[in-house]
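Peer 1: Supplied structure: final-v2.tsv, TSV, C-alpha atoms.
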chain	number	residue	atom	x	y	z
A	1	MET	CA	70.65	206.47	-40.90
A	2	LYS	CA	69.62	204.97	-44.24
A	3	SER	CA	72.45	203.12	-45.95
A	4	PRO	CA	73.30	204.04	-49.55
A	5	ILE	CA	74.44	200.46	-50.26
A	6	ARG	CA	72.10	198.63	-52.62
A	7	PRO	CA	70.06	196.00	-50.73
A	8	VAL	CA	70.44	193.47	-53.55
A	9	LEU	CA	74.11	193.01	-52.62
A	10	SER	CA	73.12	191.45	-49.30
A	11	GLN	CA	71.08	188.87	-51.21
A	12	LEU	CA	74.08	187.42	-53.07
A	13	ARG	CA	74.85	183.88	-51.92
A	14	PRO	CA	78.41	182.66	-51.38
A	15	ASN	CA	79.74	180.42	-54.12
A	16	GLY	CA	79.95	176.91	-52.70
A	17	ILE	CA	82.84	176.03	-55.01
A	18	VAL	CA	84.95	178.73	-53.38
A	19	ALA	CA	84.03	177.43	-49.93
A	20	VAL	CA	85.26	173.95	-50.85
A	21	ALA	CA	88.43	175.33	-52.44
A	22	HIS	CA	89.27	177.38	-49.34
A	23	LEU	CA	89.08	174.16	-47.36
A	24	GLY	CA	91.44	172.27	-49.62
A	25	LEU	CA	93.77	174.58	-51.53
A	26	ASP	CA	96.72	174.11	-49.18
A	27	ARG	CA	96.33	170.36	-48.68
A	28	PRO	CA	99.39	168.42	-49.92
A	29	GLY	CA	98.61	165.98	-52.71
A	30	LEU	CA	95.04	167.15	-53.24
A	31	ILE	CA	93.70	166.46	-56.76
A	32	PRO	CA	91.71	169.54	-57.83
A	33	LEU	CA	88.70	168.64	-59.98
A	34	TRP	CA	86.65	171.60	-58.76
A	35	PHE	CA	87.56	174.48	-61.11
A	36	GLY	CA	86.78	174.66	-64.80
A	37	GLU	CA	90.26	174.53	-66.24
A	38	THR	CA	92.85	172.13	-67.54
A	39	ASP	CA	96.16	171.60	-65.76
A	40	LEU	CA	97.98	172.44	-69.02
A	41	VAL	CA	99.95	175.67	-69.04
A	42	THR	CA	99.07	178.08	-71.85
A	43	PRO	CA	101.03	176.90	-74.94
A	44	PRO	CA	104.48	178.46	-75.43
A	45	PHE	CA	103.66	180.10	-78.78
A	46	ILE	CA	100.83	182.06	-77.12
A	47	ARG	CA	102.93	183.05	-74.11
A	48	GLN	CA	105.82	184.08	-76.34
A	49	ALA	CA	103.58	186.26	-78.49
A	50	ALA	CA	102.39	188.15	-75.42
A	51	ALA	CA	105.92	188.37	-74.00
A	52	SER	CA	107.24	189.72	-77.30
A	53	ALA	CA	104.49	192.34	-77.36
A	54	LEU	CA	105.44	193.33	-73.83
A	55	GLU	CA	109.12	193.55	-74.76
A	56	ASP	CA	108.19	195.62	-77.82
A	57	GLY	CA	106.58	198.19	-75.55
A	58	LYS	CA	102.95	197.41	-76.34
A	59	THR	CA	101.89	198.73	-72.94
A	60	PHE	CA	99.78	201.73	-73.94
A	61	TYR	CA	96.09	202.35	-74.44
A	62	VAL	CA	94.70	200.92	-77.67
A	63	TRP	CA	91.22	200.50	-79.12
A	64	ALA	CA	88.80	199.90	-76.26
A	65	ARG	CA	86.93	197.31	-78.35
A	66	GLY	CA	90.11	195.36	-79.10
A	67	ILE	CA	92.93	195.81	-81.58
A	68	PRO	CA	91.59	195.58	-85.16
A	69	GLU	CA	93.73	192.60	-86.11
A	70	LEU	CA	92.39	190.60	-83.16
A	71	ARG	CA	88.78	191.37	-84.02
A	72	GLU	CA	89.49	190.37	-87.63
A	73	ALA	CA	91.07	187.12	-86.42
A	74	ILE	CA	88.03	186.36	-84.24
A	75	ALA	CA	85.81	186.91	-87.27
A	76	GLY	CA	88.02	184.43	-89.14
A	77	PHE	CA	87.69	181.92	-86.27
A	78	HIS	CA	83.90	182.14	-86.49
A	79	GLN	CA	84.06	181.64	-90.25
A	80	ARG	CA	86.19	178.48	-89.80
A	81	THR	CA	84.16	176.92	-87.01
A	82	LEU	CA	80.63	178.13	-87.81
A	83	GLY	CA	80.84	178.39	-91.58
A	84	ARG	CA	79.16	181.78	-91.45
A	85	PRO	CA	80.75	185.22	-91.83
A	86	ILE	CA	80.56	187.51	-88.80
A	87	HIS	CA	81.50	191.14	-89.45
A	88	PRO	CA	84.29	192.45	-87.16
A	89	GLU	CA	82.04	195.40	-86.26
A	90	ARG	CA	79.92	192.91	-84.33
A	91	ILE	CA	82.88	191.88	-82.18
A	92	THR	CA	84.10	193.61	-79.02
A	93	VAL	CA	86.96	192.40	-76.80
A	94	PRO	CA	86.38	194.22	-73.50
A	95	GLY	CA	88.32	191.90	-71.16
A	96	ALA	CA	87.24	188.63	-69.57
A	97	ALA	CA	84.15	186.79	-70.80
A	98	MET	CA	82.39	187.70	-67.54
A	99	LEU	CA	82.80	191.34	-68.45
A	100	SER	CA	81.18	190.56	-71.80
A	101	ILE	CA	78.23	189.09	-69.89
A	102	VAL	CA	78.00	192.20	-67.72
A	103	MET	CA	78.06	194.42	-70.80
A	104	ALA	CA	75.33	192.36	-72.48
A	105	LEU	CA	73.21	192.63	-69.33
A	106	ASN	CA	73.80	196.37	-69.20
A	107	CYS	CA	72.46	196.62	-72.75
A	108	VAL	CA	69.07	195.16	-71.83
A	109	VAL	CA	68.41	195.02	-68.06
A	110	GLU	CA	67.26	197.71	-65.68
A	111	THR	CA	66.20	197.49	-62.03
A	112	GLY	CA	62.83	195.79	-61.83
A	113	ASP	CA	63.29	193.70	-64.96
A	114	ASN	CA	63.76	189.96	-64.90
A	115	ILE	CA	65.97	187.56	-66.80
A	116	VAL	CA	65.12	183.91	-67.41
A	117	ILE	CA	68.14	181.60	-67.16
A	118	VAL	CA	68.41	177.95	-68.15
A	119	ALA	CA	69.91	176.08	-65.19
A	120	PRO	CA	71.97	174.49	-63.73
A	121	VAL	CA	74.40	177.24	-64.65
A	122	TRP	CA	77.72	178.73	-63.59
A	123	PRO	CA	76.81	180.84	-60.51
A	124	ASN	CA	78.61	183.98	-61.68
A	125	ILE	CA	75.90	184.26	-64.32
A	126	PHE	CA	72.97	184.74	-61.98
A	127	HIS	CA	75.11	186.79	-59.60
A	128	ALA	CA	75.86	189.21	-62.46
A	129	ALA	CA	72.16	189.46	-63.29
A	130	GLN	CA	71.29	190.12	-59.64
A	131	VAL	CA	73.94	192.84	-59.38
A	132	ALA	CA	72.48	194.43	-62.52
A	133	GLY	CA	69.19	194.73	-60.63
A	134	ALA	CA	67.29	191.95	-62.36
A	135	GLU	CA	65.05	189.37	-60.79
A	136	VAL	CA	66.50	185.97	-61.69
A	137	ARG	CA	64.18	183.20	-62.80
A	138	LEU	CA	65.85	179.84	-63.25
A	139	VAL	CA	64.30	177.20	-65.50
A	140	ARG	CA	65.98	173.91	-64.72
A	141	LEU	CA	66.84	171.28	-67.29
A	142	ASP	CA	65.10	167.96	-66.66
A	143	GLU	CA	66.89	164.63	-66.47
A	144	ASP	CA	65.67	162.11	-69.04
A	145	TRP	CA	67.41	159.03	-67.69
A	146	ARG	CA	65.68	156.69	-70.14
A	147	GLN	CA	66.99	158.59	-73.17
A	148	GLY	CA	70.26	159.48	-71.42
A	149	ARG	CA	69.99	163.21	-72.02
A	150	TRP	CA	69.15	166.49	-70.40
A	151	HIS	CA	65.90	168.02	-71.66
A	152	LEU	CA	64.85	171.66	-71.91
A	153	ASP	CA	61.09	172.12	-71.60
A	154	LEU	CA	60.49	175.03	-73.97
A	155	ASP	CA	56.91	175.51	-72.79
A	156	LYS	CA	58.19	175.91	-69.23
A	157	LEU	CA	60.92	178.28	-70.40
A	158	PHE	CA	58.47	180.51	-72.27
A	159	ALA	CA	55.93	180.40	-69.41
A	160	HIS	CA	58.52	181.96	-67.09
A	161	CYS	CA	58.69	185.04	-69.35
A	162	ASP	CA	56.32	187.95	-68.77
A	163	THR	CA	56.07	191.66	-69.51
A	164	ARG	CA	59.05	192.41	-67.26
A	165	THR	CA	61.33	189.82	-68.91
A	166	LYS	CA	64.14	191.39	-70.90
A	167	ALA	CA	66.36	188.45	-71.78
A	168	ILE	CA	66.73	184.69	-71.90
A	169	PHE	CA	70.17	183.38	-70.90
A	170	ILE	CA	71.44	180.04	-72.17
A	171	SER	CA	74.77	178.27	-71.65
A	172	SER	CA	75.36	175.69	-74.39
A	173	PRO	CA	77.39	173.53	-74.21
A	174	ASN	CA	76.33	173.86	-70.63
A	175	ASN	CA	78.40	174.19	-67.49
A	176	PRO	CA	77.94	171.97	-65.44
A	177	THR	CA	75.81	169.38	-67.29
A	178	GLY	CA	77.37	169.27	-70.76
A	179	TRP	CA	73.87	169.65	-72.27
A	180	MET	CA	73.87	171.06	-75.78
A	181	ALA	CA	70.91	172.93	-77.26
A	182	SER	CA	69.77	171.67	-80.65
A	183	ARG	CA	69.41	173.90	-83.69
A	184	GLU	CA	65.63	173.41	-83.47
A	185	GLU	CA	65.54	174.50	-79.83
A	186	GLN	CA	67.61	177.57	-80.61
A	187	GLN	CA	65.35	178.49	-83.51
A	188	ALA	CA	62.25	178.17	-81.33
A	189	ILE	CA	63.85	180.39	-78.68
A	190	LEU	CA	64.93	182.95	-81.27
A	191	ASP	CA	61.42	183.03	-82.78
A	192	PHE	CA	59.91	183.52	-79.32
A	193	ALA	CA	62.42	186.26	-78.47
A	194	ARG	CA	61.71	188.12	-81.72
A	195	LYS	CA	57.95	187.88	-81.19
A	196	ASN	CA	58.13	189.15	-77.61
A	197	GLY	CA	60.90	191.74	-77.91
A	198	LEU	CA	63.41	189.82	-75.79
A	199	ALA	CA	67.18	189.62	-75.97
A	200	ILE	CA	69.10	186.35	-76.00
A	201	ILE	CA	72.40	186.10	-74.13
A	202	SER	CA	74.18	182.92	-75.14
A	203	ASP	CA	77.26	181.63	-73.32
A	204	GLU	CA	79.16	179.62	-75.94
A	205	VAL	CA	82.62	179.50	-74.39
A	206	TYR	CA	82.69	175.68	-74.81
A	207	GLY	CA	81.40	175.85	-78.39
A	208	THR	CA	84.31	173.94	-79.93
A	209	LEU	CA	84.67	171.44	-77.06
A	210	VAL	CA	82.12	168.99	-78.44
A	211	TYR	CA	82.17	165.24	-79.03
A	212	ASP	CA	79.84	164.64	-81.98
A	213	GLY	CA	82.41	165.21	-84.73
A	214	SER	CA	81.29	168.77	-85.52
A	215	THR	CA	83.58	171.80	-85.47
A	216	HIS	CA	81.19	173.78	-83.26
A	217	ALA	CA	78.06	173.24	-81.22
A	218	PRO	CA	74.84	174.72	-82.61
A	219	SER	CA	75.17	178.48	-82.17
A	220	PHE	CA	72.74	181.37	-82.24
A	221	LEU	CA	75.24	182.94	-84.62
A	222	HIS	CA	74.21	180.28	-87.14
A	223	ILE	CA	70.63	181.56	-87.27
A	224	ALA	CA	70.48	185.13	-85.97
A	225	GLU	CA	70.45	188.13	-88.29
A	226	GLU	CA	73.16	190.69	-87.60
A	227	ASP	CA	70.80	193.16	-85.91
A	228	ASP	CA	68.83	190.63	-83.84
A	229	ALA	CA	69.08	191.29	-80.10
A	230	VAL	CA	71.44	188.35	-79.69
A	231	PHE	CA	74.61	188.53	-77.58
A	232	VAL	CA	77.05	185.62	-77.81
A	233	ILE	CA	79.79	185.21	-75.20
A	234	ASN	CA	83.12	183.57	-76.02
A	235	SER	CA	86.42	183.17	-74.23
A	236	PHE	CA	90.04	182.22	-74.79
A	237	SER	CA	90.09	180.62	-71.33
A	238	LYS	CA	88.87	177.12	-72.04
A	239	PRO	CA	89.87	176.04	-75.61
A	240	TRP	CA	93.38	177.52	-75.37
A	241	ALA	CA	94.17	176.96	-71.66
A	242	MET	CA	94.20	180.71	-70.93
A	243	THR	CA	92.04	180.99	-67.80
A	244	GLY	CA	94.40	183.36	-66.01
A	245	TRP	CA	94.64	185.74	-68.97
A	246	ARG	CA	91.08	187.05	-68.47
A	247	ILE	CA	90.30	187.67	-72.10
A	248	GLY	CA	87.15	186.87	-74.04
A	249	TRP	CA	84.88	188.53	-76.52
A	250	LEU	CA	81.28	189.56	-77.15
A	251	THR	CA	79.50	189.18	-80.47
A	252	HIS	CA	76.63	191.66	-80.45
A	253	PRO	CA	74.12	193.24	-82.82
A	254	ARG	CA	75.92	195.24	-85.47
A	255	ASN	CA	73.74	198.27	-84.77
A	256	LEU	CA	75.38	198.47	-81.32
A	257	ALA	CA	78.89	198.89	-82.71
A	258	GLU	CA	79.02	202.61	-81.97
A	259	THR	CA	77.43	202.07	-78.56
A	260	MET	CA	80.15	199.54	-77.71
A	261	LYS	CA	82.75	202.21	-78.40
A	262	LEU	CA	81.24	204.09	-75.47
A	263	MET	CA	80.43	201.13	-73.19
A	264	SER	CA	83.86	199.49	-73.41
A	265	PRO	CA	85.77	202.47	-71.98
A	266	ALA	CA	83.15	202.80	-69.26
A	267	ALA	CA	83.65	199.16	-68.32
A	268	ASN	CA	87.39	198.52	-68.61
A	269	THR	CA	89.08	200.92	-71.06
A	270	GLY	CA	89.78	197.78	-73.09
A	271	THR	CA	91.56	194.57	-72.22
A	272	THR	CA	95.29	194.35	-71.45
A	273	THR	CA	97.18	195.41	-74.56
A	274	PHE	CA	99.95	192.79	-74.71
A	275	ASN	CA	97.52	190.00	-73.80
A	276	GLN	CA	95.72	190.68	-77.06
A	277	TYR	CA	98.78	189.62	-79.04
A	278	GLY	CA	98.80	186.32	-77.17
A	279	ALA	CA	95.13	185.91	-78.04
A	280	LEU	CA	95.96	186.73	-81.65
A	281	ALA	CA	98.49	183.87	-81.68
A	282	ALA	CA	95.85	181.51	-80.28
A	283	LEU	CA	93.75	182.10	-83.40
A	284	THR	CA	96.48	180.94	-85.80
A	285	PRO	CA	96.63	177.43	-87.30
A	286	GLU	CA	98.98	176.45	-84.46
A	287	GLY	CA	96.24	177.45	-82.05
A	288	ASP	CA	93.73	175.34	-83.95
A	289	VAL	CA	96.03	172.34	-83.50
A	290	PHE	CA	96.29	172.89	-79.74
A	291	ARG	CA	92.54	173.41	-79.43
A	292	GLU	CA	91.87	170.09	-81.17
A	293	GLN	CA	94.47	168.28	-79.05
A	294	LEU	CA	92.78	169.54	-75.89
A	295	ARG	CA	89.39	168.48	-77.22
A	296	GLN	CA	90.73	164.99	-77.94
A	297	ARG	CA	92.23	164.78	-74.46
A	298	CYS	CA	88.88	165.73	-72.93
A	299	GLU	CA	87.05	163.19	-75.08
A	300	LYS	CA	89.35	160.40	-73.88
A	301	ASN	CA	88.98	161.56	-70.30
A	302	ARG	CA	85.21	161.55	-70.69
A	303	GLY	CA	85.66	157.85	-71.40
A	304	LEU	CA	87.60	157.42	-68.14
A	305	VAL	CA	84.71	158.98	-66.22
A	306	ALA	CA	82.23	156.75	-68.08
A	307	ASP	CA	84.26	153.70	-67.01
A	308	PHE	CA	84.23	154.95	-63.42
A	309	ILE	CA	80.44	155.43	-63.54
A	310	ALA	CA	79.98	151.91	-64.92
A	311	ARG	CA	81.68	150.49	-61.81
A	312	GLN	CA	79.44	152.34	-59.36
A	313	ASN	CA	76.11	151.41	-57.85
A	314	ARG	CA	75.46	154.82	-56.26
A	315	VAL	CA	76.67	157.19	-58.96
A	316	ARG	CA	75.25	157.95	-62.39
A	317	TRP	CA	75.48	160.68	-64.98
A	318	ILE	CA	74.08	161.83	-68.26
A	319	GLU	CA	77.09	161.75	-70.55
A	320	PRO	CA	78.00	165.30	-71.56
A	321	ALA	CA	77.70	166.25	-75.22
A	322	GLY	CA	80.12	169.13	-74.79
A	323	ALA	CA	82.32	171.08	-72.33
A	324	PHE	CA	84.58	169.12	-69.96
A	325	TYR	CA	82.55	168.38	-66.86
A	326	GLY	CA	80.99	165.35	-65.26
A	327	HIS	CA	77.84	166.25	-63.38
A	328	LEU	CA	77.50	163.22	-61.12
A	329	GLU	CA	74.34	162.26	-59.27
A	330	VAL	CA	75.06	160.40	-56.03
A	331	GLU	CA	72.25	158.23	-54.69
A	332	GLY	CA	70.99	159.41	-51.31
A	333	LEU	CA	72.92	162.68	-51.39
A	334	LYS	CA	71.00	165.53	-49.70
A	335	ASP	CA	73.73	168.11	-49.02
A	336	SER	CA	76.16	168.54	-51.90
A	337	LEU	CA	78.30	171.16	-50.15
A	338	ALA	CA	78.85	168.93	-47.13
A	339	PHE	CA	79.65	166.03	-49.46
A	340	ALA	CA	82.19	168.08	-51.45
A	341	LYS	CA	83.87	169.13	-48.21
A	342	GLU	CA	83.90	165.51	-47.10
A	343	MET	CA	85.64	164.55	-50.35
A	344	VAL	CA	88.38	167.05	-49.53
A	345	LEU	CA	88.89	165.75	-46.02
A	346	ARG	CA	88.35	162.05	-46.67
A	347	ALA	CA	89.61	161.55	-50.25
A	348	ASN	CA	91.85	164.60	-50.80
A	349	VAL	CA	89.93	165.42	-53.98
A	350	GLY	CA	88.31	168.74	-54.86
A	351	THR	CA	84.80	168.63	-56.37
A	352	ALA	CA	82.15	171.29	-56.94
A	353	PRO	CA	78.82	171.01	-55.07
A	354	GLY	CA	75.74	170.82	-57.26
A	355	SER	CA	73.98	173.40	-55.10
A	356	ALA	CA	76.37	176.07	-56.44
A	357	PHE	CA	74.73	175.92	-59.87
A	358	GLY	CA	71.21	176.85	-58.83
A	359	LEU	CA	69.13	178.88	-56.42
A	360	GLY	CA	67.88	176.35	-53.93
A	361	ASP	CA	66.36	173.65	-56.14
A	362	PRO	CA	66.61	170.48	-53.99
A	363	ARG	CA	67.35	168.36	-57.06
A	364	ASP	CA	70.73	170.05	-57.37
A	365	GLU	CA	71.77	168.77	-53.93
A	366	ALA	CA	72.15	165.26	-55.33
A	367	TYR	CA	74.98	166.33	-57.64
A	368	VAL	CA	78.69	167.09	-57.61
A	369	ARG	CA	80.61	168.36	-60.61
A	370	ILE	CA	84.09	167.28	-61.60
A	371	CYS	CA	86.28	168.75	-64.34
A	372	PHE	CA	87.86	166.06	-66.53
A	373	ALA	CA	90.20	168.34	-68.51
A	374	ARG	CA	93.30	167.46	-66.46
A	375	ASP	CA	95.94	164.81	-67.13
A	376	PRO	CA	94.52	161.26	-67.38
A	377	ASP	CA	96.68	159.85	-64.58
A	378	GLY	CA	95.61	162.54	-62.14
A	379	LEU	CA	91.97	162.16	-63.16
A	380	SER	CA	92.12	158.38	-62.75
A	381	GLU	CA	93.66	158.73	-59.29
A	382	GLY	CA	91.04	161.28	-58.30
A	383	LEU	CA	88.21	159.00	-59.42
A	384	LYS	CA	89.79	156.07	-57.57
A	385	ARG	CA	89.91	158.15	-54.38
A	386	ILE	CA	86.27	159.14	-54.77
A	387	GLU	CA	85.33	155.49	-55.31
A	388	THR	CA	87.13	154.46	-52.11
A	389	ALA	CA	85.57	157.28	-50.11
A	390	LEU	CA	82.06	156.48	-51.37
A	391	ALA	CA	82.34	153.02	-49.90
A	392	SER	CA	82.42	154.55	-46.41
A	393	VAL	CA	80.18	157.61	-46.80
Let me see the file written as structure tokens.

Peer 2:
Amino acid sequence: MKSPIRPVLSQLRPNGIVAVAHLGLDRPGLIPLWFGETDLVTPPFIRQAAASALEDGKTFYVWARGIPELREAIAGFHQRTLGRPIHPERITVPGAAMLSIVMALNCVVETGDNIVIVAPVWPNIFHAAQVAGAEVRLVRLDEDWRQGRWHLDLDKLFAHCDTRTKAIFISSPNNPTGWMASREEQQAILDFARKNGLAIISDEVYGTLVYDGSTHAPSFLHIAEEDDAVFVINSFSKPWAMTGWRIGWLTHPRNLAETMKLMSPAANTGTTTFNQYGALAALTPEGDVFREQLRQRCEKNRGLVADFIARQNRVRWIEPAGAFYGHLEVEGLKDSLAFAKEMVLRANVGTAPGSAFGLGDPRDEAYVRICFARDPDGLSEGLKRIETALASV
């Protein structure tokens, strides 16, 4: 009997990060550098705002696109960090940032289409595109070791697009590499997308976690017109230590505002009501202070990783321009998943295998990713353990 289950679901590959975590989650004293989160608890003023909303009985259905005051506050955040006004009608708060990605994909992708994604990239991205029915085409960043930077070959990116391509997906600042697209690269991609009728889906959840003195990484919101087919993903998870809250937002073409009123209820009936009041508190001046303190912590910790790299003869990296990850290349490494598992068993440290961030490119096997957003003492101990283990691997 023919199965009604979509065949594409059998093609999804397990996430190697989860496999490593399952091996090590219950190990006493393990230092977890595998997941993309800080060890800081969400600040009290954010938690208290959500708790007060819960106590006040804010437990009912509200606007599926987000409460108006939250969407207004997000518009204000963009004005502060980008220096450009974004109308609240362009903002929808459906739930977690991943749901925003799914909604953006649902706006442009049908079965048989393809989406071109700049890689390495967080695996949930290409999984979501596959589930949507799209063929995934990854265009990998190139290592420029002489210049000490990751490089996006725009000619290669554009050559991967054809008549079935519906969207280009970019994560900048990038997870896992910390690469940051330049304004010139974004403009070239936007020009190409306009010329060829393509959408751009831009993951900018690390937009304010940058180390060049700017308030925000270059953003497509800087250059796109309000009705361009540009979808920008943002999240409260990273800058405000709110990973477990599952709340983010989508900035979309203004001409889709009415459509989003229909898509949001179909996706999630809106995000958790009382959580939105916690998110609203995050966007206050007090939240700006916390966000900057976390950025400064990550910048100092980036220095700790740089010092670690300087002591090694088998490990190197391209220093990240943004986000809070070290994507470490280990000389001679051929199986990153096996190596990450070995780090759990031998060093009691959790790392993420480079193979998780691509679709079989052998260059990714030489890498492991660490998150340096945790406390400096724990990070230093984790790096020391990795250093000791490398001596015998």

Peer 1: Which one is closest to His127 in chain A: A:Arg47, A:Lys2, A:Lys341, A:Arg13? Count only C-alpha atoms.

Peer 2: A:Arg13

Peer 1: Neighbours of Arg71 in chain A within 8 Å (all atoms listed in the file; same-chain residues fewer than 6 positions away dropped), as a tab-separated table (two decimals) with C-alpha atoms, in the frame of the given file?

Peer 2:
chain	number	residue	atom	x	y	z
A	88	PRO	CA	84.29	192.45	-87.16
A	91	ILE	CA	82.88	191.88	-82.18
A	92	THR	CA	84.10	193.61	-79.02
A	93	VAL	CA	86.96	192.40	-76.80

Peer 1: For the atom pair CA of Arg291 in chain A and CA of Lys238 in chain A, what is the interatomic distance in Å to one decimal place?

Peer 2: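 It comes out at 9.0 Å.
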
Peer 1: At most 9 Å is the cut-off: for each residue in range 220-291 of chain A with any atom that close to an atom of range 186-197 of chain A, write down the nearest atom pair and the distance in Å rounded to one decimal, counting only C-alpha atoms, chain first then increasing number, as CSV.

Peer 2:
residue,atom,partner,partner_atom,distance
A:Phe220,CA,A:Gln186,CA,6.6
A:Ile223,CA,A:Gln187,CA,7.2
A:Ala224,CA,A:Leu190,CA,7.6
A:Asp228,CA,A:Arg194,CA,7.8
A:Ala229,CA,A:Arg194,CA,8.2
A:Val230,CA,A:Leu190,CA,8.6

Peer 1: Would you mind reading off the distance between CA of Ser52 in chain A and CA of Asn275 in chain A, one decimal, in Å?

Peer 2: 10.3 Å

Peer 1: Please identify every residue of range 77-188 of chain A that has at least one atom no farther than 10 Å from an atom of range 15-26 of chain A, counting only C-alpha atoms, and for each give the shortest atom pair and the distance in Å to one decimal, arranged by chain then increasing number, as JSON lines.

Peer 2:
{"residue": "A:Trp122", "atom": "CA", "partner": "A:Asn15", "partner_atom": "CA", "distance": 9.8}
{"residue": "A:Pro123", "atom": "CA", "partner": "A:Asn15", "partner_atom": "CA", "distance": 7.0}
{"residue": "A:Asn124", "atom": "CA", "partner": "A:Asn15", "partner_atom": "CA", "distance": 8.4}
{"residue": "A:His127", "atom": "CA", "partner": "A:Asn15", "partner_atom": "CA", "distance": 9.6}

Peer 1: Would you kindly return, as a ChimeraX atom specification, each protein, DNA or RNA residue with an atom no farther than 9 Å from any atom of range 100-111 of chain A, considering all atoms listed in the file and excluding same-chain residues fewer than 3 positions away?

Peer 2: /A:92-97,114-115,125,128-129,132-135,165-167,198-199,201,203,231-234,248-252,260,263-264,267

Peer 1: Find the residues around Trp240 in chain A up to 9 Å (all atoms listed in the file counted), leave out those fewer than 4 positions away in its own chain, and share them as a PyMOL selection string.

Peer 2: chain A and resi 42-43+46+236+279+282+287-288+290-291+294

Peer 1: Which polymer residues have any atom within 10 Å of an atom of Lys300 in chain A, counting all atoms listed in the file, with same-chain residues fewer than 5 positions away left out, as a ChimeraX atom specification?

Peer 2: /A:294-295,305-306,372-373,376

Peer 1: With distances taken over all atoms listed in the file, which residue among A:Gly358, A:Pro85, A:Gly322, A:Gly278 lies nearest Ala51 in chain A?

Peer 2: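 Answer, going by the shortest atom-to-atom distance: A:Gly278.
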
Peer 1: Determine, counting all atoms listed in the file, which protein, DNA and RNA residues have an atom within 12 Å of an atom of Gln79 in chain A; residues of the same chain fewer than 3 positions away are not included. Present the result as a list in words.

Peer 2: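 The neighbour list is Glu72, Ala73, Ile74, Ala75, Gly76, Leu82, Gly83, Arg84, Pro85, Ile86, His87, Pro88, Thr215, His216, Leu221, His222 and Leu283 of chain A.
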
Peer 1: For the atom pair CA of Thr208 in chain A and CA of His78 in chain A, what is the interatomic distance in Å to one decimal place?

Peer 2: 10.5 Å
